Amino acid sequence: MEHTEPVSENAQPAVAADVYVAYPPKYLPAANNTNIWIKSIVSLALYLVLGYFIFPDVKILILITIVVLIHELGHFLAMKYFGYKDLGMFFIPLLGAYVSGTKKEISQRESAIILLAGPLPGIIIGLLLQIPIGHQPHAVFAGVSLQYISLLFVFLNIINLLPIYPLDGGQLLNRVFLNENETISRIFIIISIVVICWFVWKHNFPFLLIFPVMMVARMFGEKQQNRLEQKVECSGINTNIDYEELPDKDYWEIRKIVIEEIQLFKDITPGPPFEYSHKEEKIMNVIQNLMHRYLIQDVSVLGKLLIFIIWVLAAASPWLFKMNLSFFNQFLR
């Protein structure tokens with residue numbers, strides 16, 4: 001049920017057609033750190049429950065979960081170090097996990113570190129495990145072959161380095177080397193969709209089709225986002241600011257545009273009078289996304305070369321360290 005919030009003393013008036021209009025304070029997000037972590041724990045529980053019915057050996061499920069957790073912790077700690085807000089870690093059954101967070105100004109240098117902070121620790125752990133394996137090839141830990149543990153750490157993280165969106169390698173390519181150019185990024189995403197669909201067809205991994213579905217949805221979402229941005233820009237509202245800095249009047253004016261453009265909000269009266277809706281948090285999220293995010297291009301050509309070398313060396317590490325790659329053969333047939 002919709003309700004009206006009291007107008008604050010700082011509410012900004014506007015006069016249109018000799019009618020006094022009062023703008024209530026913009027909708028402010030509640031502190032949701034607890035909710036984020038509850039969702040993270042629930043997603044992990046679902047991940048483990050579904051995995052229990054899929055993997056024949058619980059030990060393998062736990063091992064894969066540990067590999068994924070270490071990978072995502074790398075992203076999480078790097079994002080926390082660089083000042084990302086609203087951090088959360090979410091597990092996707094059968095597919096892995098991801099870390100989410102928000103930051104207005106995104107640096108290429110920071111992005112490269114964050115993206116590589118996921119796969120590199122796992123690859124390093126896998127390579128270090130080759131040391132005891134060299135002395136005792138058939139070593140076992142907790143009932144699982146140490147060689148298998150090593151290869152799993154390396155294999156799962158190398159997959160993430162592939163230059164396919166939305167994997168870490170794909171995001172690294174898009175953000176650092178393609179500078180998030182809109183046209184090139186769209187072409188890159190389409191190529192990624194084709195590659196994943198080919199892999200699904202070739203190796204019969206239908207659950208991976210969720211990635212192309214997500215990417216298609218993302219492309220449609222970006223199209224809608226661009227349309228909204230153009231309308232807001234034409235209205236003369238400044239979106240080159242943080243949401244916290246957005247004037248109340250501008251919030252409600254942008255809100256009008258959002259309601260007009262997005263089908264989900266068609267049942268809401270844009271105002272005046274201006275009243276909060278039961279969907280206000282969703283509207284706020286859309287408006288927050290309209291606040292321009294900047295990609296700071298702070299990586300030089302030499303820096304990009306260094307990142308590329310690290311990327312290639314990490315991806316080629318199993319061959320460089322002459323690991324037993326028979327485990328990979330089942331995926332290369």
# chains A, B, ... in the order shown; residues from 1 in each chain; ligands from 1

$ select_by_dssp --residues "range 231-327 of chain A" --states "helix (DSSP H, G or I)" --output "VMD selection string"
chain A and resid 231 to 234 243 to 245 248 to 261 263 to 265 280 to 290 301 to 320 326 to 327

$ residues_around --residues "Phe211 in chain A" --least-positions-apart "2" --cutoff "9 Å" --atoms "only C-alpha atoms" --output "short mmCIF file (atom, residue, chain, number, x, y, z; two decimals) with N, CA and C atoms, in the first residue's frame"
data_model
loop_
_atom_site.label_atom_id
_atom_site.label_comp_id
_atom_site.auth_asym_id
_atom_site.auth_seq_id
_atom_site.Cartn_x
_atom_site.Cartn_y
_atom_site.Cartn_z
N TYR A 165 33.28 -13.06 -21.86
CA TYR A 165 32.42 -12.42 -20.88
C TYR A 165 31.37 -13.42 -20.41
N PRO A 166 31.02 -13.50 -19.10
CA PRO A 166 31.38 -12.60 -18.01
C PRO A 166 32.51 -13.12 -17.12
N ILE A 193 28.80 -14.92 -26.38
CA ILE A 193 27.57 -15.72 -26.42
C ILE A 193 27.73 -16.87 -27.41
N ILE A 196 30.22 -19.54 -26.03
CA ILE A 196 29.64 -20.36 -24.95
C ILE A 196 28.61 -21.33 -25.52
N PHE A 207 23.74 -26.49 -18.66
CA PHE A 207 23.56 -25.53 -17.57
C PHE A 207 24.34 -24.23 -17.82
N LEU A 208 25.34 -24.30 -18.72
CA LEU A 208 26.11 -23.09 -19.03
C LEU A 208 25.31 -22.10 -19.88
N LEU A 209 24.17 -22.54 -20.39
CA LEU A 209 23.35 -21.64 -21.21
C LEU A 209 22.82 -20.46 -20.40
N VAL A 213 21.98 -16.39 -21.63
CA VAL A 213 20.70 -15.77 -21.26
C VAL A 213 20.94 -14.50 -20.46
N MET A 214 21.86 -14.57 -19.51
CA MET A 214 22.18 -13.40 -18.69
C MET A 214 22.77 -12.27 -19.54
N MET A 215 23.60 -12.65 -20.51
CA MET A 215 24.24 -11.63 -21.35
C MET A 215 23.24 -10.95 -22.28
N VAL A 216 22.30 -11.74 -22.81
CA VAL A 216 21.25 -11.15 -23.66
C VAL A 216 20.40 -10.19 -22.82
#

$ select_by_dssp --residues "range 196-307 of chain A" --states "strand (DSSP E or B)" --output "list of chain:residue names"
A:Tyr276, A:Tyr294, A:Leu295, A:Ile296

$ closest_atom_pairs --of "range 202-252 of chain A" --to "range 169-182 of chain A" --cutoff "12 Å" --atoms "only C-alpha atoms" --output "Markdown table"
| residue | atom | partner | partner_atom | distance |
| --- | --- | --- | --- | --- |
| A:Met219 | CA | A:Glu182 | CA | 10.7 |
| A:Glu222 | CA | A:Glu182 | CA | 9.8 |
| A:Lys223 | CA | A:Glu182 | CA | 10.8 |
| A:Asn226 | CA | A:Glu182 | CA | 10.6 |

$ closest_atom_pairs --of "range 165-263 of chain A" --to "range 286-297 of chain A" --cutoff "7 Å" --atoms "only C-alpha atoms" --output "CSV"
residue,atom,partner,partner_atom,distance
A:Glu229,CA,A:Leu290,CA,6.4
A:Thr239,CA,A:Met291,CA,4.9
A:Asn240,CA,A:His292,CA,5.4
A:Ile241,CA,A:Met291,CA,6.3
A:Asp242,CA,A:Met291,CA,6.4
A:Tyr243,CA,A:Gln288,CA,5.9

$ residues_around --residues "Ile158 in chain A" --least-positions-apart "3" --cutoff "7 Å" --atoms "only C-alpha atoms" --output "PyMOL selection string"
chain A and resi 119+154-155+161-162+315

$ residues_around --residues "Val144 in chain A" --least-positions-apart "6" --cutoff "10 Å" --atoms "only C-alpha atoms" --output "PyMOL selection string"
chain A and resi 59-60+63

$ write_last_selection --atoms "C-alpha atoms" --output "compact mmCIF listing (two decimals), in the first residue's frame"
# COMPACT_ATOMS: atom_id res chain seq x y z
CA LYS A 59 34.39 -34.40 -0.62
CA ILE A 60 34.55 -33.14 -4.20
CA LEU A 63 36.71 -29.07 -2.44

$ atom_distance --atom1 "CA of Leu120 in chain A" --atom2 "CA of Gln136 in chain A"
24.9 Å

$ residues_around --residues "Ile113 in chain A" --least-positions-apart "4" --cutoff "10 Å" --atoms "only C-alpha atoms" --output "PDB file with C-alpha atoms, in the first residue's frame"
ATOM      1  CA  GLY A  74      40.440 -12.619  -3.545  1.00  0.00           C
ATOM      2  CA  HIS A  75      37.967 -10.382  -5.377  1.00  0.00           C
ATOM      3  CA  ALA A  78      40.714  -6.401  -3.268  1.00  0.00           C
ATOM      4  CA  MET A  79      37.393  -4.573  -3.656  1.00  0.00           C
ATOM      5  CA  PHE A  82      39.865  -0.120  -2.935  1.00  0.00           C
ATOM      6  CA  SER A 107      40.006   2.728 -12.142  1.00  0.00           C
ATOM      7  CA  GLN A 108      41.442   0.433 -14.802  1.00  0.00           C
ATOM      8  CA  ARG A 109      44.411  -0.265 -12.552  1.00  0.00           C
ATOM      9  CA  ALA A 117      42.992 -11.218  -7.402  1.00  0.00           C
ATOM     10  CA  GLY A 118      40.392 -13.940  -7.937  1.00  0.00           C
ATOM     11  CA  LEU A 172      39.681  -7.759 -17.872  1.00  0.00           C
ATOM     12  CA  ILE A 307      48.965  -6.980 -17.136  1.00  0.00           C
TER      13      ILE A 307
END

$ residues_around --residues "Thr269 in chain A" --least-positions-apart "5" --cutoff "10 Å" --atoms "only C-alpha atoms" --output "list of chain:residue names"
A:Lys256, A:Ile259, A:Glu260, A:Phe274, A:Glu275, A:Tyr276, A:Ser277

$ write_last_selection --atoms "C-alpha atoms" --output "short mmCIF file (atom, residue, chain, number, x, y, z; two decimals), in the first residue's frame"
data_model
loop_
_atom_site.label_atom_id
_atom_site.label_comp_id
_atom_site.auth_asym_id
_atom_site.auth_seq_id
_atom_site.Cartn_x
_atom_site.Cartn_y
_atom_site.Cartn_z
CA LYS A 256 8.81 10.57 -13.41
CA ILE A 259 7.94 5.47 -14.31
CA GLU A 260 7.09 6.54 -17.86
CA PHE A 274 4.75 13.09 -4.78
CA GLU A 275 4.37 9.98 -2.69
CA TYR A 276 6.61 7.03 -1.98
CA SER A 277 5.50 3.79 -3.60
#

$ closest_residue --among "A:Asp57, A:Asp250, A:Glu244, A:Glu72" --to "Lys104 in chain A" --atoms "only C-alpha atoms"
A:Glu244

$ closest_residue --among "A:Thr65, A:Ser111, A:Ser43, A:Gln147" --to "His135 in chain A" --atoms "only C-alpha atoms"
A:Gln147

$ residues_around --residues "Met89 in chain A" --least-positions-apart "5" --cutoff "7 Å" --atoms "only C-alpha atoms" --output "compact mmCIF listing (two decimals) with N, CA and C atoms, in the first residue's frame"
# COMPACT_ATOMS: atom_id res chain seq x y z
N SER A 40 23.90 -13.79 1.19
CA SER A 40 25.11 -14.53 0.85
C SER A 40 25.10 -15.92 1.48
N TYR A 98 29.93 -14.90 -7.25
CA TYR A 98 30.42 -13.58 -7.65
C TYR A 98 30.37 -12.64 -6.45
N VAL A 99 31.18 -11.60 -6.51
CA VAL A 99 31.19 -10.57 -5.47
C VAL A 99 30.63 -9.29 -6.08
N SER A 100 29.71 -8.67 -5.38
CA SER A 100 29.13 -7.42 -5.87
C SER A 100 29.52 -6.28 -4.94

$ closest_residue --among "A:Gly143, A:Pro163, A:Pro56, A:Gly126" --to "Met323 in chain A" --atoms "only C-alpha atoms"
A:Gly126
